[in-house]
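Asker: Input file: work.csv. Contents: CSV, C-alpha atoms.
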```csv
chain,number,residue,atom,x,y,z
Q,1,MET,CA,-52.7,-1.1,-46.6
Q,2,SER,CA,-53.4,2.6,-47.1
Q,3,ASP,CA,-53.9,3.2,-43.4
Q,4,ASN,CA,-50.7,1.4,-42.4
Q,5,GLY,CA,-52.9,-1.3,-40.9
Q,6,VAL,CA,-53.8,0.6,-37.8
Q,7,ARG,CA,-57.4,1.5,-38.6
Q,8,SER,CA,-58.2,-1.8,-40.2
Q,9,THR,CA,-56.7,-3.8,-37.3
Q,10,ILE,CA,-58.6,-1.8,-34.8
Q,11,ALA,CA,-61.9,-2.0,-36.8
Q,12,ARG,CA,-61.5,-5.8,-37.1
Q,13,PHE,CA,-61.2,-6.3,-33.3
Q,14,PHE,CA,-64.1,-3.9,-32.6
Q,15,ASP,CA,-66.2,-5.9,-35.1
Q,16,GLU,CA,-65.5,-9.1,-33.2
Q,17,LYS,CA,-67.2,-7.7,-30.1
Q,18,PRO,CA,-70.9,-8.1,-30.5
Q,19,ILE,CA,-71.8,-4.9,-28.6
Q,20,LEU,CA,-69.3,-2.9,-30.7
Q,21,LYS,CA,-70.0,-4.4,-34.1
Q,22,GLY,CA,-70.7,-1.6,-36.6
Q,23,ILE,CA,-70.0,1.2,-34.1
Q,24,ALA,CA,-69.7,4.7,-35.7
Q,25,PRO,CA,-66.1,6.0,-35.6
Q,26,ASP,CA,-67.0,8.9,-33.3
Q,27,GLN,CA,-69.4,7.0,-31.0
Q,28,ASP,CA,-68.4,6.8,-27.3
Q,29,PHE,CA,-68.4,3.1,-26.8
Q,30,PHE,CA,-69.1,3.3,-23.1
Q,31,SER,CA,-72.3,5.1,-24.0
Q,32,ILE,CA,-73.6,2.1,-25.8
Q,33,GLY,CA,-73.0,-0.2,-22.8
Q,34,ALA,CA,-69.5,-1.6,-23.5
Q,35,SER,CA,-68.0,-3.0,-20.3
Q,36,SER,CA,-64.6,-2.1,-18.9
Q,37,LEU,CA,-63.6,-5.8,-19.3
Q,38,THR,CA,-64.6,-5.8,-23.0
Q,39,VAL,CA,-62.6,-2.7,-23.6
Q,40,ILE,CA,-59.5,-3.9,-21.7
Q,41,ASP,CA,-59.7,-7.1,-23.6
Q,42,LEU,CA,-59.9,-5.1,-26.8
Q,43,GLN,CA,-56.8,-3.1,-25.9
Q,44,ILE,CA,-54.8,-6.3,-25.2
Q,45,GLN,CA,-55.8,-7.8,-28.6
Q,46,ILE,CA,-55.0,-4.7,-30.5
Q,47,GLU,CA,-51.6,-4.2,-28.8
Q,48,GLU,CA,-50.6,-7.8,-29.5
Q,49,ALA,CA,-51.6,-7.4,-33.1
Q,50,LEU,CA,-49.9,-4.0,-33.7
Q,51,LYS,CA,-47.0,-4.6,-31.4
Q,52,LEU,CA,-47.6,-1.1,-30.0
Q,53,SER,CA,-48.5,0.2,-26.5
Q,54,VAL,CA,-50.7,3.2,-25.5
Q,55,SER,CA,-51.5,3.9,-21.8
Q,56,THR,CA,-54.9,2.6,-20.7
Q,57,SER,CA,-55.9,5.9,-19.2
Q,58,THR,CA,-55.2,7.7,-22.5
Q,59,LEU,CA,-57.4,5.2,-24.3
Q,60,MET,CA,-60.2,5.3,-21.8
Q,61,GLY,CA,-60.2,9.1,-21.8
Q,62,SER,CA,-61.2,9.1,-25.5
Q,63,PRO,CA,-63.3,6.1,-26.0
Q,64,THR,CA,-64.0,6.2,-29.7
Q,65,VAL,CA,-62.6,4.3,-32.7
Q,66,ASN,CA,-61.2,7.4,-34.2
Q,67,ALA,CA,-59.5,8.5,-31.0
Q,68,TRP,CA,-58.0,5.0,-30.6
Q,69,VAL,CA,-56.8,5.0,-34.3
Q,70,ASN,CA,-55.1,8.4,-33.7
Q,71,ALA,CA,-53.5,7.2,-30.4
Q,72,TYR,CA,-52.1,4.1,-32.0
Q,73,GLU,CA,-50.9,6.0,-35.1
Q,74,GLN,CA,-49.0,8.4,-32.9
Q,75,ALA,CA,-47.5,5.4,-31.0
Q,76,LYS,CA,-46.5,3.9,-34.4
Q,77,SER,CA,-44.9,7.1,-35.6
Q,78,ALA,CA,-43.0,7.4,-32.3
Q,79,ALA,CA,-41.8,3.8,-32.5
Q,80,LYS,CA,-40.6,4.4,-36.1
Q,81,GLU,CA,-38.8,7.6,-35.1
Q,82,ALA,CA,-37.1,5.8,-32.2
Q,83,GLN,CA,-35.9,3.1,-34.6
Q,84,THR,CA,-34.4,5.5,-37.0
Q,85,ALA,CA,-32.9,7.8,-34.4
N,1,MET,CA,-69.6,24.4,11.0
N,2,SER,CA,-73.3,25.1,10.3
N,3,LYS,CA,-75.2,22.3,8.6
N,4,LYS,CA,-77.1,23.3,5.5
N,5,PHE,CA,-78.4,19.9,4.4
N,6,ASP,CA,-80.0,18.4,7.5
N,7,LEU,CA,-82.7,15.8,7.2
N,8,THR,CA,-86.1,16.9,8.1
N,9,GLN,CA,-87.7,15.2,11.1
N,10,GLU,CA,-90.1,13.5,8.6
N,11,GLU,CA,-87.2,12.2,6.6
N,12,LEU,CA,-85.4,10.9,9.7
N,13,ASP,CA,-88.5,9.2,11.0
N,14,SER,CA,-89.0,7.6,7.6
N,15,PHE,CA,-85.3,6.4,7.6
N,16,ARG,CA,-85.7,4.9,11.0
N,17,LYS,CA,-88.8,3.1,9.9
N,18,ASN,CA,-87.7,1.9,6.5
N,19,GLY,CA,-83.9,1.8,6.6
N,20,PHE,CA,-83.4,3.7,3.4
N,21,MET,CA,-84.4,7.1,1.9
N,22,GLY,CA,-84.0,9.0,-1.3
N,23,PRO,CA,-83.2,9.7,-3.9
N,24,PHE,CA,-81.7,13.1,-3.2
N,25,ASP,CA,-80.4,15.5,-5.9
N,26,LEU,CA,-76.6,16.2,-5.8
N,27,TYR,CA,-75.2,16.9,-9.2
N,28,GLU,CA,-76.9,18.6,-12.2
N,29,ALA,CA,-77.2,16.6,-15.4
N,30,ASP,CA,-74.3,18.3,-17.2
N,31,GLU,CA,-72.1,18.1,-14.1
N,32,ILE,CA,-72.6,14.4,-13.5
N,33,ALA,CA,-72.1,13.7,-17.2
N,34,GLU,CA,-68.7,15.4,-17.1
N,35,LYS,CA,-67.8,13.7,-13.9
N,36,TYR,CA,-68.9,10.3,-15.2
N,37,LYS,CA,-66.6,10.7,-18.2
N,38,ARG,CA,-63.6,11.7,-16.1
N,39,ILE,CA,-64.2,9.0,-13.5
N,40,ARG,CA,-64.7,6.4,-16.1
N,41,ALA,CA,-61.3,7.2,-17.6
N,42,ASP,CA,-59.6,7.6,-14.2
N,43,ILE,CA,-60.7,4.2,-13.1
N,44,PHE,CA,-58.2,2.7,-15.5
N,45,ASP,CA,-55.3,4.6,-14.1
N,46,ARG,CA,-54.2,2.6,-11.2
N,47,SER,CA,-50.8,4.3,-10.7
N,48,TYR,CA,-51.9,5.8,-7.4
N,49,ALA,CA,-54.5,3.2,-6.4
N,50,ALA,CA,-54.3,1.9,-2.9
N,51,TYR,CA,-54.3,-1.7,-3.9
N,52,GLN,CA,-52.3,-3.6,-6.5
N,53,LEU,CA,-55.0,-5.3,-8.6
N,54,GLU,CA,-55.6,-6.1,-12.2
N,55,HIS,CA,-58.4,-4.2,-13.9
N,56,LYS,CA,-60.2,-7.4,-14.2
N,57,SER,CA,-60.3,-8.0,-10.4
N,58,ALA,CA,-63.8,-8.0,-9.0
N,59,ILE,CA,-62.6,-5.6,-6.3
N,60,ALA,CA,-60.7,-3.3,-8.6
N,61,GLY,CA,-63.4,-0.7,-7.7
N,62,TYR,CA,-62.6,-0.7,-4.0
N,63,ASP,CA,-61.6,2.6,-2.3
N,64,ARG,CA,-60.9,4.6,-5.4
N,65,HIS,CA,-61.8,7.7,-3.3
N,66,LEU,CA,-58.2,7.2,-2.0
N,67,ASP,CA,-56.7,8.1,-5.4
N,68,ILE,CA,-59.4,9.6,-7.8
N,69,ASN,CA,-59.8,13.3,-7.0
N,70,ASP,CA,-63.5,13.5,-8.1
N,71,LEU,CA,-64.3,10.7,-5.7
N,72,SER,CA,-62.1,12.1,-2.9
N,73,GLN,CA,-64.2,15.3,-3.1
N,74,HIS,CA,-67.5,13.4,-3.5
N,75,ILE,CA,-67.3,11.5,-0.2
N,76,MET,CA,-66.8,14.9,1.6
N,77,ARG,CA,-69.9,16.6,0.1
N,78,ARG,CA,-71.9,18.3,2.7
N,79,GLU,CA,-75.1,17.4,0.9
N,80,ILE,CA,-74.3,13.8,1.9
N,81,VAL,CA,-72.3,14.1,5.1
N,82,ASP,CA,-74.8,16.5,6.8
N,83,LYS,CA,-77.5,13.9,6.3
N,84,VAL,CA,-75.4,11.0,7.5
N,85,GLU,CA,-74.5,13.0,10.6
N,86,ASP,CA,-78.2,13.3,11.5
N,87,ILE,CA,-78.3,9.5,11.5
N,88,LEU,CA,-74.9,8.5,13.0
N,89,GLY,CA,-73.8,11.5,15.0
N,90,PRO,CA,-71.1,14.1,14.4
N,91,ASP,CA,-67.9,12.1,14.4
N,92,LEU,CA,-67.8,10.2,11.1
N,93,ILE,CA,-65.4,8.3,9.0
N,94,CYS,CA,-65.7,6.9,5.5
N,95,TRP,CA,-64.1,3.5,5.5
N,96,ARG,CA,-64.9,2.0,2.1
N,97,SER,CA,-66.0,3.0,-1.3
N,98,GLU,CA,-66.9,0.7,-4.3
N,99,MET,CA,-67.9,1.0,-7.9
N,100,PHE,CA,-70.9,-1.0,-8.9
N,101,PRO,CA,-71.1,-1.3,-12.7
N,102,LYS,CA,-73.9,-3.3,-14.2
N,103,TYR,CA,-73.4,-3.8,-18.0
N,104,PRO,CA,-76.0,-4.9,-20.5
N,105,GLY,CA,-77.0,-8.5,-19.9
N,106,ASP,CA,-75.5,-8.6,-16.3
N,107,GLU,CA,-77.3,-10.5,-13.6
N,108,GLY,CA,-79.1,-8.8,-10.8
N,109,THR,CA,-77.6,-8.7,-7.4
N,110,ASP,CA,-79.0,-11.2,-4.8
N,111,TRP,CA,-80.9,-9.9,-1.8
N,112,HIS,CA,-78.4,-9.3,1.0
N,113,GLN,CA,-77.7,-7.6,4.2
N,114,ALA,CA,-74.3,-6.5,5.6
N,115,ASP,CA,-73.6,-6.2,9.3
N,116,THR,CA,-69.9,-6.9,9.8
N,117,PHE,CA,-69.1,-7.2,6.1
N,118,ALA,CA,-67.6,-10.6,6.8
N,119,HIS,CA,-69.9,-12.3,4.2
N,120,ALA,CA,-67.3,-12.8,1.5
N,121,SER,CA,-63.9,-12.7,3.3
N,122,GLY,CA,-65.1,-14.6,6.4
N,123,LYS,CA,-63.5,-11.9,8.7
N,124,PRO,CA,-65.4,-9.0,10.1
N,125,GLN,CA,-64.4,-5.8,8.4
N,126,ILE,CA,-66.0,-3.4,10.9
N,127,ARG,CA,-66.5,-3.8,14.6
N,128,TRP,CA,-68.7,-1.5,16.6
N,129,PRO,CA,-67.9,-0.8,20.2
N,130,GLN,CA,-68.5,-3.7,22.5
N,131,ASN,CA,-72.1,-4.3,23.6
N,132,ASP,CA,-73.4,-1.8,21.1
N,133,LYS,CA,-76.5,-3.3,19.7
N,134,PHE,CA,-76.0,-1.5,16.4
N,135,GLY,CA,-73.9,-2.7,13.5
N,136,GLY,CA,-73.6,-2.2,9.8
N,137,ALA,CA,-72.7,1.0,7.9
N,138,VAL,CA,-74.6,3.8,6.4
N,139,THR,CA,-74.2,3.5,2.7
N,140,VAL,CA,-74.6,6.3,0.2
N,141,TRP,CA,-75.1,5.0,-3.3
N,142,THR,CA,-74.7,7.7,-6.0
N,143,ALA,CA,-75.9,7.1,-9.5
N,144,LEU,CA,-73.3,8.0,-12.1
N,145,THR,CA,-75.7,7.0,-14.8
N,146,ASP,CA,-79.4,6.8,-14.7
N,147,ALA,CA,-80.6,3.7,-12.8
N,148,THR,CA,-83.9,2.2,-14.0
N,149,GLU,CA,-85.7,-1.1,-13.5
N,150,ALA,CA,-84.5,-2.1,-17.0
N,151,ASN,CA,-80.8,-1.4,-16.4
N,152,GLY,CA,-80.5,-2.7,-12.8
N,153,CYS,CA,-81.7,-0.1,-10.2
N,154,LEU,CA,-81.5,-1.0,-6.5
N,155,ARG,CA,-84.4,-2.5,-4.6
N,156,PHE,CA,-85.0,-2.3,-0.9
N,157,MET,CA,-87.1,-4.3,1.6
N,158,PRO,CA,-88.5,-1.7,3.9
N,159,GLY,CA,-88.1,-2.1,7.6
N,160,THR,CA,-85.6,-5.0,7.5
N,161,HIS,CA,-82.6,-3.1,8.8
N,162,GLU,CA,-82.9,-4.2,12.5
N,163,GLU,CA,-83.1,-7.9,11.9
N,164,MET,CA,-80.5,-10.0,10.2
N,165,PHE,CA,-81.9,-12.7,8.0
N,166,TYR,CA,-78.4,-13.8,7.0
N,167,ASP,CA,-75.5,-15.0,9.1
N,168,GLU,CA,-72.4,-13.5,7.6
N,169,SER,CA,-70.1,-16.0,9.4
N,170,LYS,CA,-71.6,-19.1,7.6
N,171,GLY,CA,-69.2,-18.7,4.7
N,172,MET,CA,-69.9,-18.9,0.9
N,173,LYS,CA,-67.9,-20.6,-1.9
N,174,TYR,CA,-66.5,-18.3,-4.5
N,175,SER,CA,-67.6,-19.6,-7.9
N,176,PRO,CA,-66.9,-16.9,-10.6
N,177,GLU,CA,-67.9,-19.4,-13.3
N,178,GLN,CA,-71.5,-19.0,-12.0
N,179,VAL,CA,-71.6,-15.3,-12.7
N,180,ASN,CA,-74.5,-14.5,-15.0
N,181,ARG,CA,-75.5,-18.1,-15.1
N,182,MET,CA,-77.9,-18.6,-12.1
N,183,GLU,CA,-81.6,-18.0,-12.1
N,184,LYS,CA,-83.4,-17.6,-8.8
N,185,ASP,CA,-87.2,-17.5,-8.7
N,186,GLY,CA,-87.1,-16.8,-12.4
N,187,VAL,CA,-84.7,-13.9,-12.2
N,188,LYS,CA,-81.0,-14.0,-13.3
N,189,ARG,CA,-79.1,-13.0,-10.2
N,190,GLY,CA,-76.1,-13.7,-8.0
N,191,PHE,CA,-73.6,-12.0,-5.7
N,192,PHE,CA,-70.5,-11.4,-7.8
N,193,GLY,CA,-69.5,-15.0,-7.8
N,194,TYR,CA,-71.1,-16.0,-4.5
N,195,ASP,CA,-74.6,-17.3,-3.8
N,196,TYR,CA,-75.9,-15.2,-0.9
N,197,ARG,CA,-78.7,-17.7,-0.2
N,198,ASN,CA,-75.9,-19.8,1.5
N,199,LEU,CA,-75.9,-17.3,4.4
N,200,GLN,CA,-79.6,-17.5,5.1
N,201,LYS,CA,-80.3,-18.3,8.8
N,202,ASP,CA,-83.3,-20.3,7.6
N,203,PRO,CA,-82.4,-22.1,4.4
N,204,ASP,CA,-86.1,-22.5,3.5
N,205,TRP,CA,-86.9,-18.8,3.9
N,206,THR,CA,-87.5,-16.7,0.8
N,207,PRO,CA,-87.6,-12.9,0.8
N,208,ASP,CA,-91.2,-11.6,0.2
N,209,GLU,CA,-90.4,-9.6,-3.0
N,210,SER,CA,-94.0,-8.2,-3.1
N,211,LYS,CA,-92.9,-5.8,-0.4
N,212,ALA,CA,-89.8,-4.6,-2.3
N,213,ALA,CA,-89.4,-0.9,-3.3
N,214,SER,CA,-87.5,0.0,-6.5
N,215,MET,CA,-85.2,2.9,-6.3
N,216,VAL,CA,-85.3,4.5,-9.8
N,217,MET,CA,-82.6,7.3,-9.9
N,218,ARG,CA,-81.4,9.9,-12.2
N,219,ALA,CA,-77.7,10.3,-12.8
N,220,GLY,CA,-76.4,12.6,-10.1
N,221,GLN,CA,-78.8,11.5,-7.4
N,222,PHE,CA,-78.0,9.6,-4.3
N,223,VAL,CA,-79.8,7.3,-1.9
N,224,ILE,CA,-78.9,6.6,1.8
N,225,PHE,CA,-79.4,3.2,3.4
N,226,TRP,CA,-78.4,1.0,6.3
N,227,SER,CA,-76.2,-1.8,4.9
N,228,THR,CA,-78.3,-4.0,7.1
N,229,CYS,CA,-81.5,-3.0,5.2
N,230,MET,CA,-82.1,-6.0,2.8
N,231,HIS,CA,-81.4,-4.8,-0.7
N,232,SER,CA,-80.7,-6.2,-4.2
N,233,SER,CA,-80.8,-5.0,-7.7
N,234,PHE,CA,-82.5,-5.9,-10.9
N,235,PRO,CA,-80.6,-7.5,-13.8
N,236,ASN,CA,-79.5,-5.2,-16.6
N,237,SER,CA,-81.9,-6.4,-19.2
N,238,THR,CA,-81.0,-3.7,-21.7
N,239,THR,CA,-78.7,-4.2,-24.7
N,240,ASN,CA,-77.0,-0.8,-24.6
N,241,GLN,CA,-77.2,0.9,-21.2
N,242,THR,CA,-74.6,0.6,-18.5
N,243,ARG,CA,-75.7,1.3,-15.0
N,244,LEU,CA,-72.9,2.6,-12.7
N,245,GLY,CA,-73.2,3.4,-9.1
N,246,PHE,CA,-70.6,4.6,-6.6
N,247,THR,CA,-71.0,3.7,-2.9
N,248,ALA,CA,-69.4,5.4,0.1
N,249,ARG,CA,-69.8,3.7,3.4
N,250,TYR,CA,-69.8,5.7,6.6
N,251,VAL,CA,-69.6,4.7,10.3
N,252,PRO,CA,-68.8,6.6,13.6
N,253,SER,CA,-65.1,7.0,14.3
N,254,ALA,CA,-65.7,4.7,17.3
N,255,VAL,CA,-66.0,1.8,14.9
N,256,GLU,CA,-62.9,-0.3,14.3
N,257,VAL,CA,-62.2,-1.0,10.7
N,258,TYR,CA,-60.5,-4.2,9.5
N,259,PRO,CA,-59.8,-5.3,13.1
N,260,ASP,CA,-56.9,-7.7,13.4
N,261,SER,CA,-56.4,-7.8,9.6
N,262,ASP,CA,-53.4,-6.9,7.4
N,263,VAL,CA,-54.9,-8.3,4.3
N,264,VAL,CA,-58.4,-8.8,2.8
N,265,GLU,CA,-59.1,-11.8,0.6
N,266,GLU,CA,-62.5,-12.0,-1.2
N,267,TYR,CA,-64.1,-12.2,-4.6
N,268,GLY,CA,-61.0,-14.0,-5.9
N,269,SER,CA,-58.5,-11.3,-5.0
N,270,LYS,CA,-56.2,-10.5,-2.1
N,271,ILE,CA,-55.2,-7.0,-1.1
N,272,SER,CA,-52.7,-5.7,1.4
N,273,LEU,CA,-54.0,-3.0,3.7
N,274,GLU,CA,-50.7,-1.2,4.0
N,275,ASN,CA,-52.0,1.8,2.0
N,276,PHE,CA,-55.5,1.7,3.5
N,277,GLY,CA,-56.8,4.5,5.8
N,278,VAL,CA,-60.1,5.9,6.9
N,279,VAL,CA,-61.1,9.4,6.1
N,280,VAL,CA,-62.6,11.6,8.8
N,281,VAL,CA,-65.4,13.3,6.9
N,282,SER,CA,-67.0,15.1,9.9
N,283,GLY,CA,-66.2,16.0,13.5
N,284,LYS,CA,-63.2,14.4,15.2
N,285,ASN,CA,-61.5,11.1,15.8
N,286,ASP,CA,-60.7,10.3,19.5
N,287,TYR,CA,-59.5,6.8,18.8
N,288,ASN,CA,-56.3,5.1,17.9
N,289,HIS,CA,-57.8,2.0,16.3
N,290,ASN,CA,-57.9,3.2,12.7
N,291,ARG,CA,-55.2,4.6,10.5
N,292,ILE,CA,-56.4,8.0,9.4
N,293,VAL,CA,-55.5,9.6,6.0
N,294,THR,CA,-56.0,13.3,5.5
N,295,ARG,CA,-54.9,13.4,1.8
N,296,ASN,CA,-55.5,11.1,-1.1
N,297,ARG,CA,-52.7,9.2,-2.7
N,298,ARG,CA,-52.1,12.0,-5.2
N,299,GLY,CA,-51.6,14.4,-2.3
N,300,VAL,CA,-55.0,16.1,-2.5
N,301,GLU,CA,-56.4,17.0,0.9
N,302,PHE,CA,-59.8,15.5,1.9
N,303,LYS,CA,-61.8,18.6,2.6
N,304,VAL,CA,-65.3,20.0,2.2
```
Let me see the structure of the file written as structure tokens.
Answerer:
Amino acid sequence: MSDNGVRSTIARFFDEKPILKGIAPDQDFFSIGASSLTVIDLQIQIEEALKLSVSTSTLMGSPTVNAWVNAYEQAKSAAKEAQTA
Amino acid sequence: MSKKFDLTQEELDSFRKNGFMGPFDLYEADEIAEKYKRIRADIFDRSYAAYQLEHKSAIAGYDRHLDINDLSQHIMRREIVDKVEDILGPDLICWRSEMFPKYPGDEGTDWHQADTFAHASGKPQIRWPQNDKFGGAVTVWTALTDATEANGCLRFMPGTHEEMFYDESKGMKYSPEQVNRMEKDGVKRGFFGYDYRNLQKDPDWTPDESKAASMVMRAGQFVIFWSTCMHSSFPNSTTNQTRLGFTARYVPSAVEVYPDSDVVEEYGSKISLENFGVVVVSGKNDYNHNRIVTRNRRGVEFKV
């Protein structure tokens, strides 16, 4: 996958939540009525699939698809560096 | 300290008659939008929270004024405290705060009144001095988002604050599977997993909703009410608008908080009170019955 799987994985889980289906990449998902439980659930699913971890407060401070993709891509890079170090 | 934000005599008379008043302006639109964004993110950081709870706990929003700086400052705002002083007197504590989100599709909140706040836990959470005929708390509900009839604004039953139609000692069964599944008189509503009708003194009585007043609020406004004033909220019938309110509950420092309790168990969660403390928001505290905290759990002082 050209995006290392991060964006497509995140997009897939967002699409599975009715209130988030088709959300624009820079749309604040709290502003369209997403609940904290929905978002926490989303975080758990994404982290299980990607085998990565980002702090909840970081994610909730930037509640858009693009910001989440960036956060998980950084976590992925950090994990890769740690492996090769 | 001089008081700048007193109630007018007319407002005070209205409050004594109706049990609620407002909305009052507190934050400008830009300011509350920024605060809302910050608070919304800070809610998920429980590293300094007073209680060890999962994000999914129904009481995860309890007492976040003890660790979220914006909320620590909010409960001390003179625009609020000056008015509460006019109702309760000069020596005041804030003993509880709560977040009240209502997401698209969420049920409305049942009509209810809170005197001792024993309704869910079965144990009184506040105890006024003996033989005092008053009870309850003065609650300040601040809208962090707009609150409309469509997304679940509050409703009040004027003049009900001096008579309890509910007996909080009767006990209710916690049934979280019923959340968002019960209709009462044609309206989807419940009480966060409980059925508040179980506490009615007269099981056959029904609130006369024709007398109810809706409290439509702009984000940044607050309303003040006696917790004993019968209140409820509409369901959130929108598909894309969250309603979020933040309540701070105030009583005189003479009131004992969580008497004879080390833990609170309600809404499917159990919390230890070892990190709990009340905040003196105004005047002084001449009593030893409550643990007082002067700083929040991040070390920030509670001050005006």
Asker: Show me, as JSON lines, the residues of chain Q having an atom within 10 Å of chain N, each with the closest atom pair and its distance in Å, using only C-alpha atoms.
Answerer:
```
{"residue": "Q:Ile19", "atom": "CA", "partner": "N:Asn240", "partner_atom": "CA", "distance": 7.7}
{"residue": "Q:Phe29", "atom": "CA", "partner": "N:Asn240", "partner_atom": "CA", "distance": 9.7}
{"residue": "Q:Phe30", "atom": "CA", "partner": "N:Thr242", "partner_atom": "CA", "distance": 7.7}
{"residue": "Q:Ser31", "atom": "CA", "partner": "N:Gln241", "partner_atom": "CA", "distance": 7.0}
{"residue": "Q:Ile32", "atom": "CA", "partner": "N:Asn240", "partner_atom": "CA", "distance": 4.6}
{"residue": "Q:Gly33", "atom": "CA", "partner": "N:Asn240", "partner_atom": "CA", "distance": 4.4}
{"residue": "Q:Ala34", "atom": "CA", "partner": "N:Tyr103", "partner_atom": "CA", "distance": 7.1}
{"residue": "Q:Ser35", "atom": "CA", "partner": "N:Tyr103", "partner_atom": "CA", "distance": 5.9}
{"residue": "Q:Ser36", "atom": "CA", "partner": "N:His55", "partner_atom": "CA", "distance": 8.2}
{"residue": "Q:Leu37", "atom": "CA", "partner": "N:Lys56", "partner_atom": "CA", "distance": 6.3}
{"residue": "Q:Thr38", "atom": "CA", "partner": "N:Lys56", "partner_atom": "CA", "distance": 10.0}
{"residue": "Q:Ile40", "atom": "CA", "partner": "N:His55", "partner_atom": "CA", "distance": 7.9}
{"residue": "Q:Asp41", "atom": "CA", "partner": "N:Lys56", "partner_atom": "CA", "distance": 9.4}
{"residue": "Q:Ser55", "atom": "CA", "partner": "N:Asp45", "partner_atom": "CA", "distance": 8.6}
{"residue": "Q:Thr56", "atom": "CA", "partner": "N:Phe44", "partner_atom": "CA", "distance": 6.2}
{"residue": "Q:Ser57", "atom": "CA", "partner": "N:Asp45", "partner_atom": "CA", "distance": 5.3}
{"residue": "Q:Thr58", "atom": "CA", "partner": "N:Ala41", "partner_atom": "CA", "distance": 7.8}
{"residue": "Q:Leu59", "atom": "CA", "partner": "N:Ala41", "partner_atom": "CA", "distance": 8.0}
{"residue": "Q:Met60", "atom": "CA", "partner": "N:Ala41", "partner_atom": "CA", "distance": 4.7}
{"residue": "Q:Gly61", "atom": "CA", "partner": "N:Ala41", "partner_atom": "CA", "distance": 4.7}
{"residue": "Q:Ser62", "atom": "CA", "partner": "N:Ala41", "partner_atom": "CA", "distance": 8.1}
{"residue": "Q:Pro63", "atom": "CA", "partner": "N:Ala41", "partner_atom": "CA", "distance": 8.7}
```
Asker: May I ask which of the residues N:Pro129, N:Pro158, N:Gly171, N:Gly220 is the closest one to N:Asn198, counting only C-alpha atoms?
Answerer: N:Gly171
Asker: Report the distance between atom CA of N:Ser175 and atom CA of N:Gly190 in Å, rounded to one decimal place.
Answerer: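 It comes out at 10.3 Å.
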Asker: Need to verify the contact set: Q:Glu16, 12 Å, all atoms listed in the file, exclusion of same-chain residues closer than 4 positions in sequence. Can you return it as an NGL selection string?
Answerer: :Q and (9-12 or 20-23 or 38-39 or 41-42 or 45-46)
Asker: May I ask for the distance between atom CA of N:Leu26 and atom CA of N:Cys153, given in Å to one decimal place?
Answerer: 17.6 Å
Asker: What's the separation between atom CA of N:Val138 and atom CA of N:Tyr27, in Å to one decimal place?
Answerer: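 Atom-to-atom, atom CA of N:Val138 to atom CA of N:Tyr27, that is 20.4 Å.
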Asker: Given the point (-83.8, 11.7, -0.9) in the coordinates of this file, which residues lie within 10 Å, counting all atoms listed in the file, and how would they look as a list in words?
Answerer: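 Neighbouring residues, ordered by chain and number, come to Leu7, Glu11, Phe20, Met21, Gly22, Pro23, Phe24, Asp25, Leu26, Lys83, Gln221, Phe222, Val223 and Ile224 of chain N.
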Asker: Excluding stretch 247-254 of chain N and residues on its chain fewer than 2 positions from it, collect all residues at most 6 Å away from it, counting all atoms listed in the file, and give them as a ChimeraX atom specification.
Answerer: /N:91-94,96-98,137-141,285
Asker: I need the residue nearest N:Asn18 from this list: N:Ser269, N:Asn180, N:Ser261, N:Thr160. Use all atoms listed in the file for the distance.
Answerer: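 Of N:Ser269, N:Asn180, N:Ser261, N:Thr160, the one nearest N:Asn18, counting all atoms listed in the file, is N:Thr160.
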Asker: Looking at all atoms listed in the file, which of N:Ala150, N:Leu199, N:Val264, N:Val187 is the one that sits closest to N:Met215?
Answerer: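 Once distances to N:Met215 are computed over all atoms listed in the file, the minimum belongs to N:Ala150.
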Asker: Taking only C-alpha atoms into account, name the residue in N:Ala58, N:Leu12, N:Val179, N:Leu88 that is nearest to N:Gly283.
Answerer: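 Under the stated criterion, the closest residue is N:Leu88.
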Asker: Got a sec: who's within 10 Å of N:Phe192, counting only C-alpha atoms, leaving out chain neighbours fewer than 2 positions off, as a tab-separated table (two decimals) with C-alpha atoms, in the frame of the given file?
Answerer:
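Written file, around-v1.tsv:
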```
chain	number	residue	atom	x	y	z
N	58	ALA	CA	-63.80	-8.00	-9.00
N	59	ILE	CA	-62.60	-5.60	-6.30
N	107	GLU	CA	-77.30	-10.50	-13.60
N	108	GLY	CA	-79.10	-8.80	-10.80
N	109	THR	CA	-77.60	-8.70	-7.40
N	110	ASP	CA	-79.00	-11.20	-4.80
N	120	ALA	CA	-67.30	-12.80	1.50
N	174	TYR	CA	-66.50	-18.30	-4.50
N	175	SER	CA	-67.60	-19.60	-7.90
N	176	PRO	CA	-66.90	-16.90	-10.60
N	178	GLN	CA	-71.50	-19.00	-12.00
N	179	VAL	CA	-71.60	-15.30	-12.70
N	180	ASN	CA	-74.50	-14.50	-15.00
N	189	ARG	CA	-79.10	-13.00	-10.20
N	190	GLY	CA	-76.10	-13.70	-8.00
N	194	TYR	CA	-71.10	-16.00	-4.50
N	195	ASP	CA	-74.60	-17.30	-3.80
N	196	TYR	CA	-75.90	-15.20	-0.90
N	267	TYR	CA	-64.10	-12.20	-4.60
```
Asker: Please determine, counting only C-alpha atoms, which residue among N:Tyr36, N:Phe165, N:Trp95, N:Trp111 has the shortest atom-to-atom distance to N:Arg291.
Answerer: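 Closest candidate: N:Trp95.
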Asker: Kindly indicate which residue among N:Gly277, N:Gly245, N:Pro259, N:Gly268 lies nearest to N:Leu144, using all atoms listed in the file for the distances.
Answerer: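 Residue with the minimum atom-to-atom distance to N:Leu144: N:Gly245.
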Asker: List every protein, DNA or RNA residue with an atom no more than 9 Å from (-49.6, 0.6, -25.1) in the file's coordinates, counting all atoms listed in the file, and format the result as a list in words.
Answerer: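 The answer, in the requested form, is Gln43, Ile44, Glu47, Lys51, Leu52, Ser53, Val54, Ser55, Thr56, Tyr72 and Ala75 of chain Q.
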